[in-house]
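Shown below: protein-v8.cif, with mmCIF, C-alpha atoms.
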```cif
data_run
#
loop_
_atom_site.group_PDB
_atom_site.id
_atom_site.type_symbol
_atom_site.label_atom_id
_atom_site.label_comp_id
_atom_site.auth_asym_id
_atom_site.auth_seq_id
_atom_site.Cartn_x
_atom_site.Cartn_y
_atom_site.Cartn_z
ATOM 1 C CA MET O 1 51.406 -12.819 -24.947
ATOM 2 C CA THR O 2 50.605 -14.699 -28.070
ATOM 3 C CA SER O 3 48.776 -12.711 -30.643
ATOM 4 C CA ILE O 4 45.868 -14.207 -32.485
ATOM 5 C CA HIS O 5 45.584 -13.396 -36.145
ATOM 6 C CA TRP O 6 41.871 -12.779 -36.264
ATOM 7 C CA PHE O 7 41.846 -11.793 -39.907
ATOM 8 C CA ARG O 8 43.091 -15.270 -40.736
ATOM 9 C CA PHE O 9 39.546 -16.439 -39.982
ATOM 10 C CA SER O 10 38.035 -14.091 -42.541
ATOM 11 C CA SER O 11 39.229 -16.548 -45.174
ATOM 12 C CA PRO O 12 36.608 -19.245 -45.837
ATOM 13 C CA ALA O 13 39.231 -22.018 -45.908
ATOM 14 C CA SER O 14 40.403 -21.299 -42.355
ATOM 15 C CA PHE O 15 36.975 -20.433 -40.974
ATOM 16 C CA TYR O 16 35.510 -23.735 -42.182
ATOM 17 C CA PRO O 17 37.263 -25.971 -39.606
ATOM 18 C CA LEU O 18 36.818 -23.389 -36.825
ATOM 19 C CA ALA O 19 33.048 -23.243 -37.437
ATOM 20 C CA GLY O 20 32.988 -27.044 -37.437
ATOM 21 C CA LYS O 21 34.659 -27.139 -34.017
ATOM 22 C CA LEU O 22 32.411 -24.470 -32.477
ATOM 23 C CA ALA O 23 28.985 -25.479 -33.829
ATOM 24 C CA PRO O 24 28.463 -28.653 -31.703
ATOM 25 C CA TRP O 25 29.361 -26.786 -28.490
ATOM 26 C CA PHE O 26 26.749 -24.125 -29.178
ATOM 27 C CA GLY O 27 24.264 -26.842 -30.118
ATOM 28 C CA TRP O 28 24.707 -28.670 -26.810
ATOM 29 C CA ALA O 29 24.574 -25.383 -24.885
ATOM 30 C CA ALA O 30 21.281 -24.573 -26.613
ATOM 31 C CA ALA O 31 19.802 -27.955 -25.670
ATOM 32 C CA LEU O 32 20.972 -27.654 -22.073
ATOM 33 C CA PHE O 33 19.638 -24.110 -21.627
ATOM 34 C CA ALA O 34 16.315 -25.007 -23.270
ATOM 35 C CA LEU O 35 15.921 -27.980 -20.923
ATOM 36 C CA VAL O 36 16.630 -25.910 -17.804
ATOM 37 C CA GLY O 37 14.519 -22.991 -19.048
ATOM 38 C CA LEU O 38 11.522 -25.220 -19.787
ATOM 39 C CA ALA O 39 11.864 -27.031 -16.454
ATOM 40 C CA ILE O 40 11.749 -23.729 -14.568
ATOM 41 C CA GLY O 41 9.066 -22.342 -16.889
ATOM 42 C CA PHE O 42 6.688 -25.255 -16.452
ATOM 43 C CA PHE O 43 7.433 -26.579 -12.970
ATOM 44 C CA VAL O 44 8.778 -23.699 -10.882
ATOM 45 C CA ALA O 45 7.186 -20.517 -12.269
ATOM 46 C CA PRO O 46 3.796 -19.878 -10.658
ATOM 47 C CA THR O 47 0.459 -19.675 -12.465
ATOM 48 C CA ASP O 48 -0.352 -16.133 -13.570
ATOM 49 C CA TYR O 49 -3.227 -14.725 -11.527
ATOM 50 C CA GLN O 50 -4.796 -13.020 -14.559
ATOM 51 C CA GLN O 51 -3.938 -15.265 -17.502
ATOM 52 C CA GLY O 52 -3.817 -18.672 -15.817
ATOM 53 C CA GLU O 53 -1.542 -21.166 -17.553
ATOM 54 C CA SER O 54 -1.835 -19.561 -21.006
ATOM 55 C CA TYR O 55 0.969 -17.137 -20.128
ATOM 56 C CA ARG O 56 3.479 -20.017 -20.310
ATOM 57 C CA ILE O 57 3.687 -19.310 -24.024
ATOM 58 C CA ILE O 58 5.847 -16.344 -22.986
ATOM 59 C CA PHE O 59 8.860 -18.640 -22.521
ATOM 60 C CA ILE O 60 9.091 -19.213 -26.255
ATOM 61 C CA HIS O 61 7.209 -16.185 -27.623
ATOM 62 C CA VAL O 62 9.473 -13.472 -26.217
ATOM 63 C CA PRO O 63 12.812 -15.226 -26.900
ATOM 64 C CA ALA O 64 11.666 -15.999 -30.470
ATOM 65 C CA ALA O 65 10.637 -12.383 -31.059
ATOM 66 C CA TRP O 66 13.887 -11.018 -29.593
ATOM 67 C CA MET O 67 15.916 -13.475 -31.638
ATOM 68 C CA ALA O 68 14.092 -12.597 -34.864
ATOM 69 C CA MET O 69 14.834 -8.897 -34.362
ATOM 70 C CA PHE O 70 18.386 -9.332 -33.160
ATOM 71 C CA THR O 71 19.316 -11.790 -35.905
ATOM 72 C CA TYR O 72 18.212 -9.232 -38.479
ATOM 73 C CA LEU O 73 20.528 -6.635 -36.929
ATOM 74 C CA VAL O 74 23.446 -9.078 -36.985
ATOM 75 C CA MET O 75 22.588 -9.917 -40.600
ATOM 76 C CA ALA O 76 22.594 -6.199 -41.426
ATOM 77 C CA GLY O 77 25.978 -5.896 -39.704
ATOM 78 C CA TRP O 78 27.461 -8.668 -41.848
ATOM 79 C CA SER O 79 25.832 -7.052 -44.891
ATOM 80 C CA ALA O 80 27.554 -3.755 -44.097
ATOM 81 C CA ALA O 81 30.870 -5.555 -43.623
ATOM 82 C CA SER O 82 30.516 -7.297 -46.958
ATOM 83 C CA LEU O 83 29.795 -3.987 -48.721
ATOM 84 C CA ILE O 84 32.640 -2.113 -47.015
ATOM 85 C CA TRP O 85 35.420 -4.724 -47.175
ATOM 86 C CA ASN O 86 34.016 -6.811 -50.004
ATOM 87 C CA THR O 87 34.659 -9.966 -47.980
ATOM 88 C CA ARG O 88 32.905 -13.089 -49.205
ATOM 89 C CA LEU O 89 32.652 -14.662 -45.761
ATOM 90 C CA SER O 90 30.615 -11.700 -44.433
ATOM 91 C CA ALA O 91 28.031 -12.175 -47.171
ATOM 92 C CA MET O 92 27.945 -15.891 -46.440
ATOM 93 C CA MET O 93 27.379 -15.207 -42.726
ATOM 94 C CA ALA O 94 24.419 -12.966 -43.575
ATOM 95 C CA GLN O 95 23.079 -15.677 -45.861
ATOM 96 C CA ALA O 96 23.530 -18.323 -43.166
ATOM 97 C CA LEU O 97 21.495 -16.319 -40.634
ATOM 98 C CA ALA O 98 18.473 -15.526 -42.805
ATOM 99 C CA PRO O 99 16.600 -18.882 -42.627
ATOM 100 C CA THR O 100 16.935 -19.089 -38.837
ATOM 101 C CA GLY O 101 15.801 -15.479 -38.470
ATOM 102 C CA ALA O 102 12.796 -16.238 -40.665
ATOM 103 C CA MET O 103 12.039 -19.310 -38.553
ATOM 104 C CA PHE O 104 12.034 -17.276 -35.334
ATOM 105 C CA ALA O 105 9.959 -14.475 -36.891
ATOM 106 C CA PHE O 106 7.391 -17.065 -37.954
ATOM 107 C CA VAL O 107 7.413 -18.727 -34.527
ATOM 108 C CA SER O 108 6.964 -15.386 -32.749
ATOM 109 C CA LEU O 109 3.927 -14.608 -34.951
ATOM 110 C CA TRP O 110 2.470 -18.087 -34.500
ATOM 111 C CA THR O 111 2.938 -18.264 -30.723
ATOM 112 C CA GLY O 112 1.673 -14.671 -30.486
ATOM 113 C CA ALA O 113 -1.504 -15.695 -32.303
ATOM 114 C CA PHE O 114 -2.076 -18.629 -29.960
ATOM 115 C CA TRP O 115 -1.474 -16.384 -26.979
ATOM 116 C CA GLY O 116 -3.616 -13.585 -28.364
ATOM 117 C CA ARG O 117 -6.671 -15.778 -28.849
ATOM 118 C CA PRO O 118 -7.219 -16.609 -25.132
ATOM 119 C CA THR O 119 -6.049 -13.206 -23.826
ATOM 120 C CA TRP O 120 -7.324 -10.714 -26.449
ATOM 121 C CA GLY O 121 -10.034 -12.856 -28.030
ATOM 122 C CA THR O 122 -8.414 -12.843 -31.466
ATOM 123 C CA TYR O 123 -5.604 -14.624 -33.303
ATOM 124 C CA TRP O 124 -4.661 -11.561 -35.315
ATOM 125 C CA VAL O 125 -5.106 -7.786 -35.426
ATOM 126 C CA TRP O 126 -3.401 -5.319 -37.762
ATOM 127 C CA ASP O 127 -1.733 -3.524 -34.904
ATOM 128 C CA ALA O 128 1.666 -1.891 -35.324
ATOM 129 C CA ARG O 129 3.660 -4.504 -33.404
ATOM 130 C CA LEU O 130 2.100 -7.471 -35.208
ATOM 131 C CA THR O 131 2.183 -5.880 -38.643
ATOM 132 C CA SER O 132 5.821 -4.761 -38.393
ATOM 133 C CA THR O 133 6.806 -8.257 -37.246
ATOM 134 C CA LEU O 134 5.001 -9.702 -40.268
ATOM 135 C CA ILE O 135 7.051 -7.308 -42.423
ATOM 136 C CA LEU O 136 10.194 -8.636 -40.708
ATOM 137 C CA LEU O 137 9.230 -12.156 -41.796
ATOM 138 C CA PHE O 138 8.695 -10.896 -45.360
ATOM 139 C CA LEU O 139 12.092 -9.149 -45.307
ATOM 140 C CA TYR O 140 13.765 -12.417 -44.361
ATOM 141 C CA LEU O 141 11.874 -14.302 -47.071
ATOM 142 C CA GLY O 142 12.696 -11.546 -49.585
ATOM 143 C CA PHE O 143 16.379 -11.780 -48.664
ATOM 144 C CA ILE O 144 16.356 -15.548 -49.249
ATOM 145 C CA ALA O 145 14.388 -15.239 -52.508
ATOM 146 C CA LEU O 146 16.605 -12.452 -53.862
ATOM 147 C CA ARG O 147 19.661 -14.605 -53.234
ATOM 148 C CA ALA O 148 18.072 -17.528 -55.081
ATOM 149 C CA ALA O 149 17.065 -15.320 -58.021
ATOM 150 C CA ILE O 150 20.607 -14.111 -58.884
ATOM 151 C CA ASP O 151 22.963 -16.668 -60.398
ATOM 152 C CA ASP O 152 26.226 -14.755 -60.057
ATOM 153 C CA PRO O 153 27.202 -15.163 -56.370
ATOM 154 C CA ARG O 154 29.138 -11.893 -56.096
ATOM 155 C CA ARG O 155 26.252 -9.880 -57.561
ATOM 156 C CA ALA O 156 23.869 -11.711 -55.239
ATOM 157 C CA ASP O 157 26.152 -10.739 -52.317
ATOM 158 C CA LYS O 158 25.831 -7.051 -53.202
ATOM 159 C CA ALA O 159 22.073 -7.063 -53.816
ATOM 160 C CA CYS O 160 21.375 -8.997 -50.611
ATOM 161 C CA ALA O 161 23.685 -6.779 -48.573
ATOM 162 C CA LEU O 162 21.705 -3.726 -49.710
ATOM 163 C CA LEU O 163 18.377 -5.353 -48.843
ATOM 164 C CA GLY O 164 19.796 -6.460 -45.493
ATOM 165 C CA LEU O 165 20.889 -2.915 -44.665
ATOM 166 C CA VAL O 166 17.741 -1.139 -45.836
ATOM 167 C CA GLY O 167 15.489 -3.649 -44.056
ATOM 168 C CA ALA O 168 17.220 -2.970 -40.727
ATOM 169 C CA VAL O 169 15.151 0.224 -40.423
ATOM 170 C CA ASN O 170 12.188 -2.034 -39.616
ATOM 171 C CA VAL O 171 13.755 -3.401 -36.412
ATOM 172 C CA PRO O 172 13.526 -0.184 -34.320
ATOM 173 C CA ILE O 173 10.013 0.269 -35.712
ATOM 174 C CA ILE O 174 9.045 -3.125 -34.267
ATOM 175 C CA TYR O 175 10.784 -2.453 -30.997
ATOM 176 C CA PHE O 176 9.281 0.997 -30.376
ATOM 177 C CA SER O 177 5.920 0.296 -32.034
ATOM 178 C CA VAL O 178 4.265 -0.306 -28.660
ATOM 179 C CA ARG O 179 5.350 3.181 -27.553
ATOM 180 C CA TRP O 180 4.820 5.129 -30.763
ATOM 181 C CA TRP O 181 1.343 3.843 -31.509
ATOM 182 C CA ASN O 182 -1.664 2.638 -29.585
ATOM 183 C CA THR O 183 -1.313 -1.099 -29.922
ATOM 184 C CA LEU O 184 -3.318 -4.022 -28.642
ATOM 185 C CA HIS O 185 0.061 -5.623 -27.976
ATOM 186 C CA GLN O 186 1.299 -4.724 -24.519
ATOM 187 C CA GLY O 187 4.345 -2.577 -23.837
ATOM 188 C CA ALA O 188 7.721 -3.966 -22.836
ATOM 189 C CA SER O 189 7.690 -6.066 -19.653
ATOM 190 C CA VAL O 190 11.467 -6.149 -19.578
ATOM 191 C CA SER O 191 13.639 -3.164 -20.395
ATOM 192 C CA LEU O 192 17.001 -1.751 -19.460
ATOM 193 C CA THR O 193 15.524 1.387 -17.908
ATOM 194 C CA SER O 194 13.030 -0.069 -15.438
ATOM 195 C CA SER O 195 12.658 -3.104 -13.205
ATOM 196 C CA PRO O 196 10.881 -6.072 -14.834
ATOM 197 C CA LYS O 197 7.126 -6.257 -14.421
ATOM 198 C CA MET O 198 6.902 -9.977 -13.735
ATOM 199 C CA ALA O 199 7.679 -12.604 -11.122
ATOM 200 C CA GLN O 200 11.350 -13.439 -10.605
ATOM 201 C CA THR O 201 11.108 -17.110 -11.654
ATOM 202 C CA MET O 202 9.126 -16.210 -14.805
ATOM 203 C CA LEU O 203 11.830 -13.738 -15.766
ATOM 204 C CA VAL O 204 14.641 -16.210 -15.059
ATOM 205 C CA ALA O 205 12.999 -18.921 -17.185
ATOM 206 C CA MET O 206 12.439 -16.454 -20.030
ATOM 207 C CA LEU O 207 16.028 -15.208 -19.980
ATOM 208 C CA ILE O 208 17.420 -18.765 -19.944
ATOM 209 C CA MET O 209 15.222 -19.546 -22.955
ATOM 210 C CA ALA O 210 16.531 -16.400 -24.645
ATOM 211 C CA PHE O 211 20.088 -17.704 -24.189
ATOM 212 C CA ALA O 212 18.992 -21.064 -25.597
ATOM 213 C CA ALA O 213 17.678 -19.250 -28.688
ATOM 214 C CA TRP O 214 21.010 -17.429 -29.029
ATOM 215 C CA PHE O 215 23.050 -20.609 -28.836
ATOM 216 C CA TYR O 216 20.717 -22.398 -31.234
ATOM 217 C CA THR O 217 21.014 -19.588 -33.771
ATOM 218 C CA ILE O 218 24.810 -19.513 -33.504
ATOM 219 C CA ALA O 219 25.063 -23.310 -33.844
ATOM 220 C CA VAL O 220 22.784 -23.494 -36.875
ATOM 221 C CA ALA O 221 24.343 -20.460 -38.581
ATOM 222 C CA LEU O 222 27.852 -21.911 -38.129
ATOM 223 C CA ALA O 223 26.742 -25.266 -39.534
ATOM 224 C CA ARG O 224 24.986 -23.584 -42.453
ATOM 225 C CA VAL O 225 27.877 -21.297 -43.310
ATOM 226 C CA ARG O 226 30.078 -24.391 -43.646
ATOM 227 C CA HIS O 227 27.773 -25.779 -46.301
ATOM 228 C CA LEU O 228 27.686 -22.412 -48.068
ATOM 229 C CA ILE O 229 31.488 -22.279 -48.021
ATOM 230 C CA LEU O 230 31.711 -25.762 -49.558
ATOM 231 C CA GLU O 231 29.286 -24.771 -52.327
ATOM 232 C CA ARG O 232 31.051 -21.495 -53.078
ATOM 233 C CA GLU O 233 34.522 -23.065 -52.985
ATOM 234 C CA ALA O 234 33.545 -26.228 -54.849
ATOM 235 C CA HIS O 235 36.381 -25.687 -57.334
ATOM 236 C CA ALA O 236 39.100 -24.988 -54.767
ATOM 237 C CA ASP O 237 41.776 -27.588 -54.044
ATOM 238 C CA TRP O 238 41.195 -27.556 -50.297
ATOM 239 C CA THR O 239 37.533 -28.569 -50.593
ATOM 240 C CA HIS O 240 38.508 -31.364 -52.965
ATOM 241 C CA ARG O 241 41.020 -32.728 -50.467
ATOM 242 C CA LEU O 242 38.496 -32.342 -47.644
ATOM 243 C CA VAL O 243 35.682 -34.223 -49.363
ATOM 244 C CA GLU O 244 37.978 -36.924 -50.735
ATOM 245 C CA ASP O 245 39.508 -37.520 -47.308
ATOM 246 C CA ALA O 246 36.020 -37.970 -45.886
ATOM 247 C CA ARG O 247 35.091 -40.569 -48.486
ATOM 248 C CA MET Z 248 -0.328 -35.812 -15.702
ATOM 249 C CA ILE Z 249 -3.517 -35.405 -17.784
ATOM 250 C CA GLU Z 250 -4.445 -32.488 -15.541
ATOM 251 C CA TRP Z 251 -1.033 -30.918 -16.220
ATOM 252 C CA LEU Z 252 -1.390 -31.383 -19.990
ATOM 253 C CA LYS Z 253 -4.714 -29.558 -19.882
ATOM 254 C CA MET Z 254 -2.861 -26.431 -18.693
ATOM 255 C CA GLY Z 255 -5.896 -25.202 -16.764
ATOM 256 C CA GLY Z 256 -8.031 -25.240 -19.899
ATOM 257 C CA TYR Z 257 -5.404 -23.548 -22.080
ATOM 258 C CA GLY Z 258 -3.769 -26.774 -23.288
ATOM 259 C CA TYR Z 259 -4.783 -26.235 -26.910
ATOM 260 C CA PHE Z 260 -3.096 -22.809 -27.069
ATOM 261 C CA VAL Z 261 -0.002 -23.713 -25.070
ATOM 262 C CA TRP Z 262 0.716 -26.965 -26.942
ATOM 263 C CA SER Z 263 -0.088 -25.488 -30.358
ATOM 264 C CA SER Z 264 2.609 -22.894 -29.647
ATOM 265 C CA TYR Z 265 5.227 -25.294 -28.318
ATOM 266 C CA GLY Z 266 4.361 -27.858 -30.993
ATOM 267 C CA MET Z 267 4.940 -25.389 -33.807
ATOM 268 C CA LEU Z 268 8.317 -24.386 -32.371
ATOM 269 C CA ALA Z 269 9.335 -28.048 -32.165
ATOM 270 C CA LEU Z 270 8.149 -28.634 -35.730
ATOM 271 C CA ALA Z 271 9.956 -25.526 -37.022
ATOM 272 C CA ILE Z 272 13.236 -26.608 -35.406
ATOM 273 C CA LEU Z 273 12.819 -30.143 -36.748
ATOM 274 C CA VAL Z 274 12.216 -28.879 -40.291
ATOM 275 C CA GLU Z 275 15.194 -26.521 -40.086
ATOM 276 C CA LEU Z 276 17.525 -29.285 -38.903
ATOM 277 C CA MET Z 277 16.292 -31.602 -41.666
ATOM 278 C CA LEU Z 278 16.860 -28.920 -44.304
ATOM 279 C CA LEU Z 279 20.306 -28.310 -42.825
ATOM 280 C CA ARG Z 280 21.187 -31.979 -43.205
ATOM 281 C CA ARG Z 281 19.962 -31.994 -46.814
ATOM 282 C CA HIS Z 282 22.000 -28.860 -47.489
ATOM 283 C CA ARG Z 283 25.115 -30.650 -46.231
ATOM 284 C CA GLU Z 284 24.585 -33.513 -48.678
ATOM 285 C CA GLN Z 285 23.979 -31.049 -51.541
ATOM 286 C CA ALA Z 286 27.152 -29.125 -50.720
ATOM 287 C CA ARG Z 287 29.218 -32.317 -50.594
ATOM 288 C CA GLN Z 288 27.738 -33.425 -53.911
ATOM 289 C CA ARG Z 289 28.578 -30.046 -55.449
ATOM 290 C CA VAL Z 290 32.235 -30.535 -54.521
ATOM 291 C CA LEU Z 291 32.238 -34.130 -55.833
ATOM 292 C CA ASP Z 292 30.789 -32.890 -59.140
ATOM 293 C CA ALA Z 293 33.443 -30.179 -59.290
ATOM 294 C CA ILE Z 294 36.206 -32.732 -58.741
ATOM 295 C CA GLU Z 295 34.893 -34.730 -61.683
ATOM 296 C CA GLU Z 296 34.593 -31.632 -63.886
ATOM 297 C CA ASP Z 297 38.102 -30.452 -63.059
ATOM 298 C CA SER Z 298 39.709 -33.816 -63.717
ATOM 299 C CA SER Z 299 38.044 -34.326 -67.110
#
```

How would this structure read if it were set down as structure tokens?
Amino acid sequence: MTSIHWFRFSSPASFYPLAGKLAPWFGWAAALFALVGLAIGFFVAPTDYQQGESYRIIFIHVPAAWMAMFTYLVMAGWSAASLIWNTRLSAMMAQALAPTGAMFAFVSLWTGAFWGRPTWGTYWVWDARLTSTLILLFLYLGFIALRAAIDDPRRADKACALLGLVGAVNVPIIYFSVRWWNTLHQGASVSLTSSPKMAQTMLVAMLIMAFAAWFYTIAVALARVRHLILEREAHADWTHRLVEDAR
Amino acid sequence: MIEWLKMGGYGYFVWSSYGMLALAILVELMLLRRHREQARQRVLDAIEEDSS
């Protein structure tokens, strides 16, 4: 059996080409899954007997909300790794995820508002689920702003890693908010402990869209981390050779 | 087709949601492309600095 030296890829110079090879595959997978998910969501899944066609927002609302929460946890994981092992690539991975996480947090709030209006009669309420998701968006934006405010990259790594870790406490609050408090937002329709409370085709379309969101996030984060590596290693010989070869 | 776009009267809400997602992805991909150019330029500047 050949052994793979995984730690080799913790060096930015060797991760750079690997990320470049992987990113397009994840990008195409995201496009393919989104296409199939939307086709099932719009043309196979039946009309909801209570909500009519407005429920079709679910196919992007739930995957976006899941992705926003999960991306924060992954970001916190990379933050922890960068604090423990002091690896630069971990901090760069956390940095690469933040904008996409913010994008999905925003989209989950926006699509939630446009779903809330026809079903609840309001675009916004200060209920626990909505408010904690808004805080998630602010945590992402704070992470990005903190990074931009500190010139020394290694100090920025440390400060952002701390914020990333501390902010992770918000994710279980979002997730369990619908159980801990009386919220206008409904409880979980899909959970590991009970059978899903929706039609089979609706669930399938939603899960395929969730995979599409995963692949999209991975593709974009890999592409972004490459650019971050180039910027951070701008004075290294290997980036000079790389850019000059491409000219 | 028009009937389908109306989404049983919910067209405004459904397409506002999907439209914003499309816009958000478009903006992110454009920013990503700009970031790539900036990163490349940073390396080119560094090459010049180091050789002078």

Expand the PyMOL selection byres ((chain Z) within 7 of (chain O)) into the individual residues it matches in the shown file, reporting them as a list of chain:residue names.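 Applying the PyMOL selection byres ((chain Z) within 7 of (chain O)) to the structure shown produces Z:Met254, Z:Gly255, Z:Tyr257, Z:Phe260, Z:Val261, Z:Ser264, Z:Leu268, Z:Ala271, Z:Leu279, Z:His282, Z:Arg283, Z:Ala286, Z:Arg287, Z:Arg289, Z:Val290, Z:Ala293, Z:Ile294.
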
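One distance worth recording is that between atom CA of His185 of chain O and atom CA of Val171 of chain O, which is 16.2 Å.
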
Given 3 Å on each side, where is the centre and what are the edge lengths in Å to one decimal of the axis-aligned box enclosing the listed atoms of segment 261-272 of chain Z, as AutoDock Vina command-line options?
```
--center_x 6.6 --center_y -25.8 --center_z -31.0 --size_x 19.3 --size_y 11.7 --size_z 18.0
```

So the first atom is atom CA of Ile218 of chain O and the second is atom CA of Ser191 of chain O; what is the distance between them in Å, to one decimal place? 23.7 Å

Using the chain letters and numbers from the file, give me the residues hit by the PyMOL selection byres ((chain O and resi 175-182) around 10), as a PyMOL selection string. chain O and resi 65-66+69+127-133+170-174+183-188

Compile the contact shell of Ala80 of chain O as a PyMOL selection string: residues with an atom at most 9 Å away, counting all atoms listed in the file, same-chain residues fewer than 6 positions apart removed. chain O and resi 90-91+161-162+164-165

Quick one: residues within 7 Å of Ala213 of chain O, all atoms listed in the file counted, chain neighbours fewer than 4 positions away excluded, as a list in words?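 After dropping sequence-adjacent residues, the list is Ala30, Pro63, Met67, Met209 and Thr217 of chain O.
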
May I ask for the distance between atom CA of Met202 of chain O and atom CA of Leu35 of chain O, given in Å to one decimal place? 14.9 Å

Counting all atoms listed in the file, the option among O:Leu83, O:Ala23, O:Leu73, O:Ala96 closest to Arg154 of chain O: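 Nearest to Arg154 of chain O: O:Leu83.
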
Using all atoms listed in the file, what residues lie at most 12 Å away from (20.9, -5.8, -48.6) (file coordinates), given as an NGL selection string? :O and (72-73 or 75-83 or 91 or 94-95 or 98 or 139-140 or 142-144 or 146-147 or 155-169)

If you count all atoms listed in the file, the residue of O:Ile208, O:Ala246, O:Ala219, O:Val62 closest to Ala39 of chain O turns out to be O:Ile208

Coordinate excerpt as an mmCIF file, in the first residue's frame: segment 249-267 of chain Z, N, CA and C atoms:
```cif
data_model
loop_
_atom_site.group_PDB
_atom_site.id
_atom_site.type_symbol
_atom_site.label_atom_id
_atom_site.label_comp_id
_atom_site.auth_asym_id
_atom_site.auth_seq_id
_atom_site.Cartn_x
_atom_site.Cartn_y
_atom_site.Cartn_z
ATOM 1 N N ILE Z 249 -46.488 31.429 -18.832
ATOM 2 C CA ILE Z 249 -46.814 32.594 -18.002
ATOM 3 C C ILE Z 249 -47.485 32.124 -16.705
ATOM 4 N N GLU Z 250 -48.381 31.150 -16.873
ATOM 5 C CA GLU Z 250 -49.101 30.602 -15.723
ATOM 6 C C GLU Z 250 -48.113 30.022 -14.708
ATOM 7 N N TRP Z 251 -47.084 29.332 -15.246
ATOM 8 C CA TRP Z 251 -46.070 28.710 -14.382
ATOM 9 C C TRP Z 251 -45.267 29.789 -13.663
ATOM 10 N N LEU Z 252 -44.916 30.862 -14.391
ATOM 11 C CA LEU Z 252 -44.126 31.935 -13.769
ATOM 12 C C LEU Z 252 -44.889 32.623 -12.645
ATOM 13 N N LYS Z 253 -46.201 32.616 -12.744
ATOM 14 C CA LYS Z 253 -47.022 33.270 -11.715
ATOM 15 C C LYS Z 253 -46.980 32.506 -10.393
ATOM 16 N N MET Z 254 -46.601 31.229 -10.437
ATOM 17 C CA MET Z 254 -46.464 30.417 -9.231
ATOM 18 C C MET Z 254 -47.725 30.478 -8.364
ATOM 19 N N GLY Z 255 -48.877 30.355 -9.000
ATOM 20 C CA GLY Z 255 -50.140 30.355 -8.270
ATOM 21 C C GLY Z 255 -50.351 31.605 -7.437
ATOM 22 N N GLY Z 256 -49.853 32.734 -7.957
ATOM 23 C CA GLY Z 256 -50.038 34.004 -7.242
ATOM 24 C C GLY Z 256 -48.872 34.366 -6.338
ATOM 25 N N TYR Z 257 -47.920 33.430 -6.180
ATOM 26 C CA TYR Z 257 -46.777 33.683 -5.297
ATOM 27 C C TYR Z 257 -45.510 34.025 -6.078
ATOM 28 N N GLY Z 258 -45.649 34.312 -7.366
ATOM 29 C CA GLY Z 258 -44.495 34.560 -8.224
ATOM 30 C C GLY Z 258 -43.545 35.604 -7.664
ATOM 31 N N TYR Z 259 -44.086 36.696 -7.157
ATOM 32 C CA TYR Z 259 -43.247 37.773 -6.625
ATOM 33 C C TYR Z 259 -42.320 37.261 -5.522
ATOM 34 N N PHE Z 260 -42.857 36.449 -4.612
ATOM 35 C CA PHE Z 260 -42.062 35.965 -3.473
ATOM 36 C C PHE Z 260 -41.065 34.897 -3.898
ATOM 37 N N VAL Z 261 -41.536 33.979 -4.756
ATOM 38 C CA VAL Z 261 -40.652 32.893 -5.192
ATOM 39 C C VAL Z 261 -39.483 33.460 -6.010
ATOM 40 N N TRP Z 262 -39.796 34.344 -6.975
ATOM 41 C CA TRP Z 262 -38.723 34.815 -7.871
ATOM 42 C C TRP Z 262 -37.837 35.859 -7.200
ATOM 43 N N SER Z 263 -38.372 36.588 -6.224
ATOM 44 C CA SER Z 263 -37.500 37.488 -5.452
ATOM 45 C C SER Z 263 -36.461 36.681 -4.681
ATOM 46 N N SER Z 264 -36.860 35.520 -4.181
ATOM 47 C CA SER Z 264 -35.938 34.661 -3.434
ATOM 48 C C SER Z 264 -34.881 34.073 -4.363
ATOM 49 N N TYR Z 265 -35.348 33.433 -5.441
ATOM 50 C CA TYR Z 265 -34.404 32.793 -6.356
ATOM 51 C C TYR Z 265 -33.525 33.837 -7.055
ATOM 52 N N GLY Z 266 -34.106 34.998 -7.351
ATOM 53 C CA GLY Z 266 -33.343 36.057 -7.999
ATOM 54 C C GLY Z 266 -32.202 36.544 -7.125
ATOM 55 N N MET Z 267 -32.489 36.711 -5.822
ATOM 56 C CA MET Z 267 -31.431 37.193 -4.932
ATOM 57 C C MET Z 267 -30.308 36.175 -4.796
#
```
